[in-house]
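Visitor: Next up, start28.pdb (PDB, C-alpha atoms, pLDDT in the B column).
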ATOM      1  CA  MET A   1      -6.546  59.927 -34.407  1.00 61.00           C
ATOM      2  CA  ASN A   2      -3.006  61.307 -33.977  1.00 77.00           C
ATOM      3  CA  GLY A   3      -4.327  64.426 -32.270  1.00 82.00           C
ATOM      4  CA  ARG A   4      -6.804  62.809 -29.900  1.00 87.00           C
ATOM      5  CA  GLY A   5      -4.513  59.943 -28.915  1.00 90.00           C
ATOM      6  CA  THR A   6      -1.595  62.283 -28.279  1.00 93.00           C
ATOM      7  CA  GLU A   7      -3.804  64.563 -26.183  1.00 93.00           C
ATOM      8  CA  HIS A   8      -4.830  61.701 -23.896  1.00 94.00           C
ATOM      9  CA  VAL A   9      -1.276  60.378 -23.463  1.00 95.00           C
ATOM     10  CA  VAL A  10       0.299  63.789 -22.851  1.00 96.00           C
ATOM     11  CA  ASP A  11      -2.353  64.808 -20.324  1.00 95.00           C
ATOM     12  CA  ALA A  12      -2.033  61.481 -18.474  1.00 96.00           C
ATOM     13  CA  CYS A  13       1.763  61.742 -18.328  1.00 97.00           C
ATOM     14  CA  ALA A  14       1.505  65.292 -16.992  1.00 95.00           C
ATOM     15  CA  ARG A  15      -1.108  64.320 -14.394  1.00 95.00           C
ATOM     16  CA  TYR A  16       0.829  61.334 -13.067  1.00 96.00           C
ATOM     17  CA  ARG A  17       4.271  62.878 -13.614  1.00 95.00           C
ATOM     18  CA  VAL A  18       5.462  60.156 -15.977  1.00 96.00           C
ATOM     19  CA  PRO A  19       8.322  61.136 -18.350  1.00 97.00           C
ATOM     20  CA  MET A  20       7.492  60.648 -22.008  1.00 97.00           C
ATOM     21  CA  LEU A  21       9.123  60.519 -25.436  1.00 98.00           C
ATOM     22  CA  TYR A  22       6.944  61.804 -28.257  1.00 98.00           C
ATOM     23  CA  THR A  23       7.707  60.560 -31.770  1.00 97.00           C
ATOM     24  CA  SER A  24       6.965  63.224 -34.330  1.00 97.00           C
ATOM     25  CA  SER A  25       7.874  63.121 -38.013  1.00 95.00           C
ATOM     26  CA  SER A  26      10.122  64.780 -40.578  1.00 94.00           C
ATOM     27  CA  GLU A  27       6.869  65.587 -42.412  1.00 92.00           C
ATOM     28  CA  VAL A  28       6.586  68.716 -40.244  1.00 93.00           C
ATOM     29  CA  TYR A  29       9.405  70.281 -42.308  1.00 92.00           C
ATOM     30  CA  GLY A  30       6.968  70.510 -45.196  1.00 87.00           C
ATOM     31  CA  PRO A  31       7.079  69.793 -48.924  1.00 80.00           C
ATOM     32  CA  ASP A  32      10.124  71.946 -49.640  1.00 73.00           C
ATOM     33  CA  PRO A  33      12.688  71.991 -46.809  1.00 68.00           C
ATOM     34  CA  ARG A  34      15.509  74.502 -47.168  1.00 71.00           C
ATOM     35  CA  GLY A  35      18.541  72.245 -47.424  1.00 74.00           C
ATOM     36  CA  VAL A  36      19.391  70.228 -44.331  1.00 92.00           C
ATOM     37  CA  CYS A  37      16.496  70.103 -41.844  1.00 95.00           C
ATOM     38  CA  GLN A  38      17.290  71.663 -38.468  1.00 95.00           C
ATOM     39  CA  GLU A  39      15.094  71.463 -35.402  1.00 96.00           C
ATOM     40  CA  THR A  40      14.809  75.261 -35.292  1.00 94.00           C
ATOM     41  CA  ASP A  41      13.339  75.486 -38.824  1.00 92.00           C
ATOM     42  CA  GLU A  42       9.779  76.746 -39.208  1.00 88.00           C
ATOM     43  CA  ILE A  43       7.044  74.115 -39.415  1.00 85.00           C
ATOM     44  CA  VAL A  44       5.232  73.954 -42.779  1.00 80.00           C
ATOM     45  CA  CYS A  45       2.277  71.595 -42.949  1.00 75.00           C
ATOM     46  CA  GLY A  46       1.131  72.126 -46.536  1.00 71.00           C
ATOM     47  CA  SER A  47      -2.387  72.404 -47.889  1.00 73.00           C
ATOM     48  CA  PRO A  48      -5.379  71.298 -45.780  1.00 75.00           C
ATOM     49  CA  THR A  49      -6.714  69.525 -48.890  1.00 75.00           C
ATOM     50  CA  ASP A  50      -3.730  67.149 -48.842  1.00 76.00           C
ATOM     51  CA  ALA A  51      -3.929  64.181 -46.471  1.00 77.00           C
ATOM     52  CA  ARG A  52      -0.162  64.163 -46.084  1.00 82.00           C
ATOM     53  CA  GLY A  53      -0.278  67.782 -44.939  1.00 83.00           C
ATOM     54  CA  GLY A  54      -2.950  66.810 -42.414  1.00 86.00           C
ATOM     55  CA  TYR A  55      -0.654  64.141 -41.002  1.00 88.00           C
ATOM     56  CA  ALA A  56       2.154  66.694 -40.701  1.00 89.00           C
ATOM     57  CA  PHE A  57      -0.191  69.106 -38.933  1.00 90.00           C
ATOM     58  CA  SER A  58      -1.295  66.458 -36.431  1.00 92.00           C
ATOM     59  CA  LYS A  59       2.319  65.651 -35.592  1.00 94.00           C
ATOM     60  CA  ALA A  60       3.233  69.331 -35.227  1.00 94.00           C
ATOM     61  CA  GLN A  61       0.189  69.874 -33.038  1.00 94.00           C
ATOM     62  CA  GLY A  62       1.419  67.054 -30.815  1.00 95.00           C
ATOM     63  CA  GLU A  63       4.810  68.721 -30.470  1.00 96.00           C
ATOM     64  CA  TRP A  64       3.203  71.978 -29.340  1.00 95.00           C
ATOM     65  CA  ARG A  65       1.022  70.148 -26.825  1.00 95.00           C
ATOM     66  CA  VAL A  66       3.978  68.258 -25.360  1.00 96.00           C
ATOM     67  CA  LEU A  67       6.143  71.360 -24.989  1.00 95.00           C
ATOM     68  CA  ALA A  68       3.253  73.443 -23.658  1.00 95.00           C
ATOM     69  CA  GLN A  69       2.656  70.868 -20.936  1.00 96.00           C
ATOM     70  CA  ARG A  70       6.321  71.068 -20.046  1.00 95.00           C
ATOM     71  CA  GLU A  71       6.001  74.828 -19.631  1.00 94.00           C
ATOM     72  CA  THR A  72       2.793  74.683 -17.591  1.00 95.00           C
ATOM     73  CA  THR A  73       3.145  71.486 -15.559  1.00 95.00           C
ATOM     74  CA  GLY A  74       6.841  70.612 -15.759  1.00 95.00           C
ATOM     75  CA  LEU A  75       6.181  67.465 -17.815  1.00 96.00           C
ATOM     76  CA  GLU A  76       9.477  65.695 -18.468  1.00 97.00           C
ATOM     77  CA  ALA A  77       9.313  65.074 -22.214  1.00 97.00           C
ATOM     78  CA  ILE A  78      11.473  64.600 -25.291  1.00 98.00           C
ATOM     79  CA  VAL A  79      10.291  65.231 -28.861  1.00 98.00           C
ATOM     80  CA  VAL A  80      11.969  63.329 -31.686  1.00 98.00           C
ATOM     81  CA  ARG A  81      11.388  63.760 -35.415  1.00 98.00           C
ATOM     82  CA  LEU A  82      11.896  60.497 -37.300  1.00 98.00           C
ATOM     83  CA  PHE A  83      13.313  60.459 -40.832  1.00 96.00           C
ATOM     84  CA  ASN A  84      12.509  57.501 -43.135  1.00 95.00           C
ATOM     85  CA  THR A  85      12.967  54.593 -40.760  1.00 97.00           C
ATOM     86  CA  VAL A  86      13.281  51.291 -42.653  1.00 97.00           C
ATOM     87  CA  GLY A  87      14.101  47.690 -41.861  1.00 96.00           C
ATOM     88  CA  PRO A  88      12.892  44.097 -41.552  1.00 95.00           C
ATOM     89  CA  GLY A  89       9.259  43.688 -40.559  1.00 92.00           C
ATOM     90  CA  GLN A  90       8.108  46.907 -42.230  1.00 92.00           C
ATOM     91  CA  GLN A  91       5.025  46.484 -44.385  1.00 86.00           C
ATOM     92  CA  SER A  92       4.422  48.007 -47.822  1.00 75.00           C
ATOM     93  CA  ARG A  93       0.992  49.299 -46.782  1.00 75.00           C
ATOM     94  CA  GLY A  94       0.741  53.081 -46.716  1.00 67.00           C
ATOM     95  CA  GLY A  95       3.277  53.492 -49.523  1.00 71.00           C
ATOM     96  CA  MET A  96       6.396  52.564 -47.524  1.00 89.00           C
ATOM     97  CA  VAL A  97       8.895  52.677 -50.347  1.00 95.00           C
ATOM     98  CA  LEU A  98      11.577  50.110 -49.446  1.00 97.00           C
ATOM     99  CA  PRO A  99       9.273  47.168 -48.604  1.00 96.00           C
ATOM    100  CA  ARG A 100       7.157  48.089 -51.629  1.00 96.00           C
ATOM    101  CA  PHE A 101      10.205  47.897 -53.913  1.00 97.00           C
ATOM    102  CA  VAL A 102      11.402  44.642 -52.334  1.00 97.00           C
ATOM    103  CA  ARG A 103       7.961  43.047 -52.618  1.00 95.00           C
ATOM    104  CA  ALA A 104       7.717  43.978 -56.295  1.00 96.00           C
ATOM    105  CA  ALA A 105      11.283  42.843 -57.065  1.00 97.00           C
ATOM    106  CA  LEU A 106      10.783  39.419 -55.477  1.00 97.00           C
ATOM    107  CA  ARG A 107       7.532  38.960 -57.375  1.00 96.00           C
ATOM    108  CA  GLY A 108       9.077  39.991 -60.680  1.00 97.00           C
ATOM    109  CA  GLU A 109       6.767  42.989 -60.879  1.00 97.00           C
ATOM    110  CA  PRO A 110       7.779  46.495 -62.078  1.00 97.00           C
ATOM    111  CA  LEU A 111       9.247  48.914 -59.529  1.00 97.00           C
ATOM    112  CA  THR A 112       7.414  52.234 -59.901  1.00 94.00           C
ATOM    113  CA  VAL A 113       8.963  55.626 -59.153  1.00 94.00           C
ATOM    114  CA  HIS A 114       7.134  58.951 -59.337  1.00 89.00           C
ATOM    115  CA  GLY A 115       8.513  61.657 -61.597  1.00 88.00           C
ATOM    116  CA  ASP A 116      12.229  61.428 -62.334  1.00 90.00           C
ATOM    117  CA  GLY A 117      12.986  59.536 -59.113  1.00 93.00           C
ATOM    118  CA  ARG A 118      15.577  62.105 -58.051  1.00 92.00           C
ATOM    119  CA  GLN A 119      13.833  62.857 -54.769  1.00 92.00           C
ATOM    120  CA  VAL A 120      16.521  62.401 -52.122  1.00 94.00           C
ATOM    121  CA  ARG A 121      15.914  60.734 -48.765  1.00 95.00           C
ATOM    122  CA  CYS A 122      18.049  59.459 -45.892  1.00 97.00           C
ATOM    123  CA  PHE A 123      17.074  55.940 -44.799  1.00 97.00           C
ATOM    124  CA  ALA A 124      17.881  54.903 -41.225  1.00 98.00           C
ATOM    125  CA  ASP A 125      17.852  51.287 -40.083  1.00 98.00           C
ATOM    126  CA  VAL A 126      15.072  50.589 -37.573  1.00 97.00           C
ATOM    127  CA  ARG A 127      17.468  48.824 -35.209  1.00 97.00           C
ATOM    128  CA  GLU A 128      19.609  51.932 -34.788  1.00 98.00           C
ATOM    129  CA  VAL A 129      16.553  54.164 -34.548  1.00 98.00           C
ATOM    130  CA  ALA A 130      15.169  51.906 -31.805  1.00 98.00           C
ATOM    131  CA  ARG A 131      18.500  52.079 -29.980  1.00 98.00           C
ATOM    132  CA  ALA A 132      18.386  55.893 -30.092  1.00 98.00           C
ATOM    133  CA  LEU A 133      14.823  55.953 -28.736  1.00 98.00           C
ATOM    134  CA  VAL A 134      15.829  53.675 -25.867  1.00 98.00           C
ATOM    135  CA  GLU A 135      18.944  55.672 -24.986  1.00 98.00           C
ATOM    136  CA  LEU A 136      17.512  59.200 -25.218  1.00 98.00           C
ATOM    137  CA  PRO A 137      15.387  59.003 -22.027  1.00 97.00           C
ATOM    138  CA  ALA A 138      18.610  58.417 -20.097  1.00 97.00           C
ATOM    139  CA  CYS A 139      20.031  61.737 -21.389  1.00 96.00           C
ATOM    140  CA  GLU A 140      19.060  64.585 -19.073  1.00 94.00           C
ATOM    141  CA  GLU A 141      19.898  67.230 -21.653  1.00 93.00           C
ATOM    142  CA  ALA A 142      17.416  65.732 -24.142  1.00 97.00           C
ATOM    143  CA  TYR A 143      14.375  66.671 -22.046  1.00 97.00           C
ATOM    144  CA  GLY A 144      12.435  69.694 -23.216  1.00 96.00           C
ATOM    145  CA  ARG A 145      14.069  69.565 -26.620  1.00 96.00           C
ATOM    146  CA  ILE A 146      13.275  68.500 -30.182  1.00 97.00           C
ATOM    147  CA  LEU A 147      15.793  66.156 -31.804  1.00 98.00           C
ATOM    148  CA  ASN A 148      16.025  64.767 -35.319  1.00 98.00           C
ATOM    149  CA  VAL A 149      16.549  61.002 -35.410  1.00 98.00           C
ATOM    150  CA  GLY A 150      17.645  59.438 -38.678  1.00 98.00           C
ATOM    151  CA  SER A 151      20.586  58.956 -41.008  1.00 97.00           C
ATOM    152  CA  THR A 152      22.546  61.453 -43.100  1.00 97.00           C
ATOM    153  CA  ARG A 153      23.301  58.911 -45.859  1.00 96.00           C
ATOM    154  CA  GLU A 154      21.507  60.329 -48.899  1.00 96.00           C
ATOM    155  CA  CYS A 155      19.943  58.186 -51.624  1.00 97.00           C
ATOM    156  CA  SER A 156      17.516  59.092 -54.394  1.00 97.00           C
ATOM    157  CA  ILE A 157      14.354  57.043 -54.845  1.00 96.00           C
ATOM    158  CA  ARG A 158      15.586  55.853 -58.255  1.00 97.00           C
ATOM    159  CA  GLN A 159      18.924  54.801 -56.743  1.00 98.00           C
ATOM    160  CA  LEU A 160      17.055  52.923 -54.022  1.00 98.00           C
ATOM    161  CA  ALA A 161      15.037  51.016 -56.619  1.00 98.00           C
ATOM    162  CA  GLU A 162      18.195  50.191 -58.567  1.00 98.00           C
ATOM    163  CA  ARG A 163      19.945  48.951 -55.425  1.00 98.00           C
ATOM    164  CA  VAL A 164      16.976  46.718 -54.566  1.00 98.00           C
ATOM    165  CA  LEU A 165      17.104  45.186 -58.048  1.00 98.00           C
ATOM    166  CA  VAL A 166      20.835  44.485 -57.711  1.00 98.00           C
ATOM    167  CA  ARG A 167      20.661  43.133 -54.135  1.00 98.00           C
ATOM    168  CA  SER A 168      17.668  40.892 -54.890  1.00 98.00           C
ATOM    169  CA  GLY A 169      18.963  39.666 -58.262  1.00 97.00           C
ATOM    170  CA  SER A 170      15.558  40.494 -59.696  1.00 97.00           C
ATOM    171  CA  GLY A 171      14.833  40.852 -63.388  1.00 96.00           C
ATOM    172  CA  SER A 172      12.049  43.352 -62.713  1.00 97.00           C
ATOM    173  CA  LYS A 173      11.874  46.559 -64.690  1.00 96.00           C
ATOM    174  CA  LEU A 174      12.076  50.095 -63.326  1.00 96.00           C
ATOM    175  CA  VAL A 175       9.067  52.132 -64.442  1.00 95.00           C
ATOM    176  CA  SER A 176       8.605  55.911 -64.128  1.00 91.00           C
ATOM    177  CA  VAL A 177       5.180  57.449 -63.600  1.00 87.00           C
ATOM    178  CA  ASP A 178       5.059  60.925 -65.138  1.00 75.00           C
ATOM    179  CA  SER A 179       3.018  62.596 -62.426  1.00 64.00           C
ATOM    180  CA  GLU A 180       4.899  63.646 -59.301  1.00 57.00           C
ATOM    181  CA  ARG A 181       3.178  63.721 -55.940  1.00 61.00           C
ATOM    182  CA  PRO A 182       2.319  67.314 -54.976  1.00 59.00           C
ATOM    183  CA  TYR A 183       3.604  66.973 -51.410  1.00 68.00           C
ATOM    184  CA  ASP A 184       6.920  65.311 -52.159  1.00 78.00           C
ATOM    185  CA  PRO A 185      10.130  67.132 -51.116  1.00 85.00           C
ATOM    186  CA  LYS A 186      13.037  67.063 -53.566  1.00 89.00           C
ATOM    187  CA  ARG A 187      15.487  66.544 -50.714  1.00 91.00           C
ATOM    188  CA  ARG A 188      15.066  65.736 -47.053  1.00 93.00           C
ATOM    189  CA  ARG A 189      18.145  65.288 -44.906  1.00 95.00           C
ATOM    190  CA  PRO A 190      18.305  65.754 -41.126  1.00 97.00           C
ATOM    191  CA  ASP A 191      20.823  67.777 -39.187  1.00 97.00           C
ATOM    192  CA  LEU A 192      21.924  65.349 -36.456  1.00 98.00           C
ATOM    193  CA  ALA A 193      24.204  67.658 -34.468  1.00 97.00           C
ATOM    194  CA  GLN A 194      21.875  67.700 -31.453  1.00 97.00           C
ATOM    195  CA  LEU A 195      21.452  63.920 -31.514  1.00 98.00           C
ATOM    196  CA  GLN A 196      25.249  63.512 -31.707  1.00 98.00           C
ATOM    197  CA  ARG A 197      25.703  65.771 -28.675  1.00 97.00           C
ATOM    198  CA  ALA A 198      23.058  63.897 -26.700  1.00 97.00           C
ATOM    199  CA  LEU A 199      24.097  60.313 -27.484  1.00 97.00           C
ATOM    200  CA  GLY A 200      27.664  60.556 -28.773  1.00 97.00           C
ATOM    201  CA  TRP A 201      26.703  58.653 -31.927  1.00 98.00           C
ATOM    202  CA  VAL A 202      24.219  58.796 -34.830  1.00 97.00           C
ATOM    203  CA  PRO A 203      22.682  56.064 -37.026  1.00 97.00           C
ATOM    204  CA  ASP A 204      25.056  55.127 -39.840  1.00 95.00           C
ATOM    205  CA  TRP A 205      24.325  51.553 -40.922  1.00 95.00           C
ATOM    206  CA  PRO A 206      25.093  51.041 -44.632  1.00 96.00           C
ATOM    207  CA  LEU A 207      21.851  51.074 -46.611  1.00 97.00           C
ATOM    208  CA  ASP A 208      22.788  47.892 -48.485  1.00 98.00           C
ATOM    209  CA  ARG A 209      22.860  45.988 -45.170  1.00 97.00           C
ATOM    210  CA  THR A 210      19.342  47.161 -44.449  1.00 98.00           C
ATOM    211  CA  ILE A 211      18.131  46.281 -47.954  1.00 98.00           C
ATOM    212  CA  ASP A 212      19.580  42.771 -47.555  1.00 98.00           C
ATOM    213  CA  ALA A 213      17.812  42.387 -44.210  1.00 97.00           C
ATOM    214  CA  VAL A 214      14.477  43.495 -45.702  1.00 97.00           C
ATOM    215  CA  ILE A 215      14.882  41.073 -48.615  1.00 97.00           C
ATOM    216  CA  GLU A 216      15.732  38.188 -46.265  1.00 97.00           C
ATOM    217  CA  ASP A 217      12.782  39.023 -44.017  1.00 96.00           C
ATOM    218  CA  ARG A 218      10.416  39.142 -46.975  1.00 94.00           C
ATOM    219  CA  LEU A 219      11.663  35.780 -48.272  1.00 96.00           C
ATOM    220  CA  ASP A 220      11.253  34.212 -44.816  1.00 91.00           C
ATOM    221  CA  ARG A 221       7.703  35.542 -44.484  1.00 83.00           C
ATOM    222  CA  SER A 222       6.808  34.371 -47.989  1.00 76.00           C
ATOM    223  CA  GLU A 223       8.065  30.900 -47.127  1.00 74.00           C
ATOM    224  CA  ARG A 224       6.051  30.814 -43.893  1.00 67.00           C
ATOM    225  CA  GLU A 225       2.926  32.037 -45.689  1.00 63.00           C
ATOM    226  CA  SER A 226       3.400  29.342 -48.323  1.00 57.00           C
ATOM    227  CA  ASP A 227       3.752  26.660 -45.621  1.00 51.00           C
ATOM    228  CA  GLU A 228       0.599  27.939 -43.896  1.00 56.00           C
ATOM    229  CA  ARG A 229      -1.380  27.828 -47.148  1.00 57.00           C
ATOM    230  CA  LEU A 230      -0.121  24.299 -47.799  1.00 50.00           C
ATOM    231  CA  GLY A 231      -1.096  23.271 -44.268  1.00 61.00           C
ATOM    232  CA  ARG A 232      -4.619  24.655 -44.682  1.00 60.00           C
ATOM    233  CA  SER A 233      -4.944  22.904 -48.039  1.00 54.00           C
ATOM    234  CA  GLU A 234      -3.872  19.569 -46.561  1.00 58.00           C
ATOM    235  CA  ALA A 235      -6.316  20.043 -43.696  1.00 57.00           C
ATOM    236  CA  VAL A 236      -9.174  20.604 -46.147  1.00 58.00           C
ATOM    237  CA  VAL A 237      -8.216  17.501 -48.132  1.00 57.00           C
ATOM    238  CA  SER A 238      -8.010  15.457 -44.939  1.00 56.00           C
ATOM    239  CA  THR A 239     -11.409  16.674 -43.743  1.00 54.00           C
ATOM    240  CA  ALA A 240     -13.001  15.950 -47.098  1.00 60.00           C
ATOM    241  CA  SER A 241     -11.563  12.438 -47.414  1.00 56.00           C
TER     242      SER A 241
END
Would you kindly transcribe this structure into structure tokens?

Guide:
Amino acid sequence: MNGRGTEHVVDACARYRVPMLYTSSSEVYGPDPRGVCQETDEIVCGSPTDARGGYAFSKAQGEWRVLAQRETTGLEAIVVRLFNTVGPGQQSRGGMVLPRFVRAALRGEPLTVHGDGRQVRCFADVREVARALVELPACEEAYGRILNVGSTRECSIRQLAERVLVRSGSGSKLVSVDSERPYDPKRRRPDLAQLQRALGWVPDWPLDRTIDAVIEDRLDRSERESDERLGRSEAVVSTAS
């Protein structure tokens, strides 16, 4: 779906001369990035038997298509690679780690980490990421380039789980699963020098602020869902009486 959808959008933008911003992913850096990820690093998509590698390939393929159209038709386009965007409203479906931890903590369920939990990520608040995506199209020098968009604040998965437990006041336990995921980089941190030059700033919200916002959002949604269930129950009772 990534490949076909991207193909249609890119071709339409080229045909009607509409500038576009293509959101790629840090997954294109592969399962074992060499230190800090720079936009000029080689793309490594992993094994074709791994679904995560397939996702990385589809995103990389989109990048090539966008930049090829720029070369052949003059398409005005920007490619951004997103790194672990998190924030209120994000769902735990698809293994999104922060909402999954928050959901478990608020339910009193165990927080599960794979392996030793030392895998390092940089979590960027969605509100700053959205700001960057809105501002980039106004930067002439961003067109025809690939830019990392994310945070440089590093945090291990185990540390993230521990911070969620502290911020939520949960009594949940932290549980380690022995098996590590095969396509799971030990460290993934973006080089944001190009983003800094383009915008004059980079995302730097404190992670604890984002965790608090995700917890508050989850509590609000749980309360609304509870009210809706109560309303449906009352409606059934009223209909039956």

Visitor: Counting all atoms listed in the file, which residues have an atom no more than 12 Å from (5.8, 70.5, -13.1) in the file's coordinates? Please list them as a PyMOL selection string.

Guide: chain A and resi 13-19+67-77

Visitor: If we count all atoms listed in the file and set the cut-off at 12 Å, which residues sit around Pro190 of chain A, ignoring sequence neighbours fewer than 6 positions away in its own chain? Please answer as number ranges by chain.

Guide: A: 25-27, 29, 33-41, 80-84, 120-124, 147-154, 196, 202-203

Visitor: Show which residues sit within 10 Å of segment 49-64 of chain A, as a PyMOL selection string. Count all atoms listed in the file, and ignore same-chain residues fewer than 3 positions away.

Guide: chain A and resi 1-7+10+22-31+43-46+67-70+78-81+146+182-184

Visitor: Using Å and a single decimal, report how far atom CA of Cys155 of chain A sits from atom CA of Leu111 of chain A.

Guide: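 Going from atom CA of Leu111 of chain A over to atom CA of Cys155 of chain A, I get 16.2 Å.
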
Visitor: Select, from A:Arg93, A:Arg187, A:Arg145, A:Arg209, the residue with the minimum atom-to-atom distance to Arg167 of chain A, counting only C-alpha atoms.

Guide: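 Among the listed residues, A:Arg209 lies closest to Arg167 of chain A.
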
Visitor: Smallest atom-to-atom distance to Pro88 of chain A: which of A:Arg218, A:Arg197, A:Arg188, A:Lys173, using only C-alpha atoms?

Guide: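 Smallest distance to Pro88 of chain A is found for A:Arg218.
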
Visitor: Choose the residue, out of A:Asp116, A:Asp191, A:Glu135, A:Glu216, that has the smallest atom-to-atom separation from Val164 of chain A; count only C-alpha atoms.

Guide: A:Glu216

Visitor: Could you tell me which residues the PyMOL selection byres ((chain A and resi 138) around 12) grabs in this file, written as JSON, numbers by chain?

Guide: {"A": [19, 20, 21, 76, 77, 78, 131, 132, 133, 134, 135, 136, 137, 139, 140, 141, 142, 143, 198, 199]}

Visitor: Return the single residue from A:Ala161, A:Val214, A:Leu192, A:Val113 that is closest to Gly87 of chain A, with distances computed using only C-alpha atoms.

Guide: A:Val214

Visitor: Please compute the atom CA of Thr112 of chain A-atom CA of Trp205 of chain A distance, one decimal, in Å.

Guide: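 Here the two named atoms are 25.4 Å from each other.
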
Visitor: Provide the atom CA of Ser168 of chain A to atom CA of Arg189 of chain A distance in Å, to one decimal place.

Guide: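 Answer for the atom CA of Ser168 of chain A to atom CA of Arg189 of chain A separation: 26.4 Å.
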
Visitor: With 3 Å added on each side, what axis-aligned box encloses every listed atom of segment 149-168 of chain A? Give the centre and edge lengths in Å to one decimal, as JSON.

Guide:
{"center_x": 18.8, "center_y": 51.2, "center_z": -47.0, "size_x": 14.9, "size_y": 26.6, "size_z": 29.2}

Visitor: Using all atoms listed in the file for the distances, tell me which of A:Val97, A:Ala193, A:Val177, A:Ala213 is nearest to Ser156 of chain A.

Guide: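 Ranking A:Val97, A:Ala193, A:Val177, A:Ala213 by distance to Ser156 of chain A, first place goes to A:Val97.
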
Visitor: Measuring between only C-alpha atoms, which one of A:Pro110, A:Asp178, A:Glu223, A:Asp125 shows the shortest distance to Leu207 of chain A?

Guide: A:Asp125
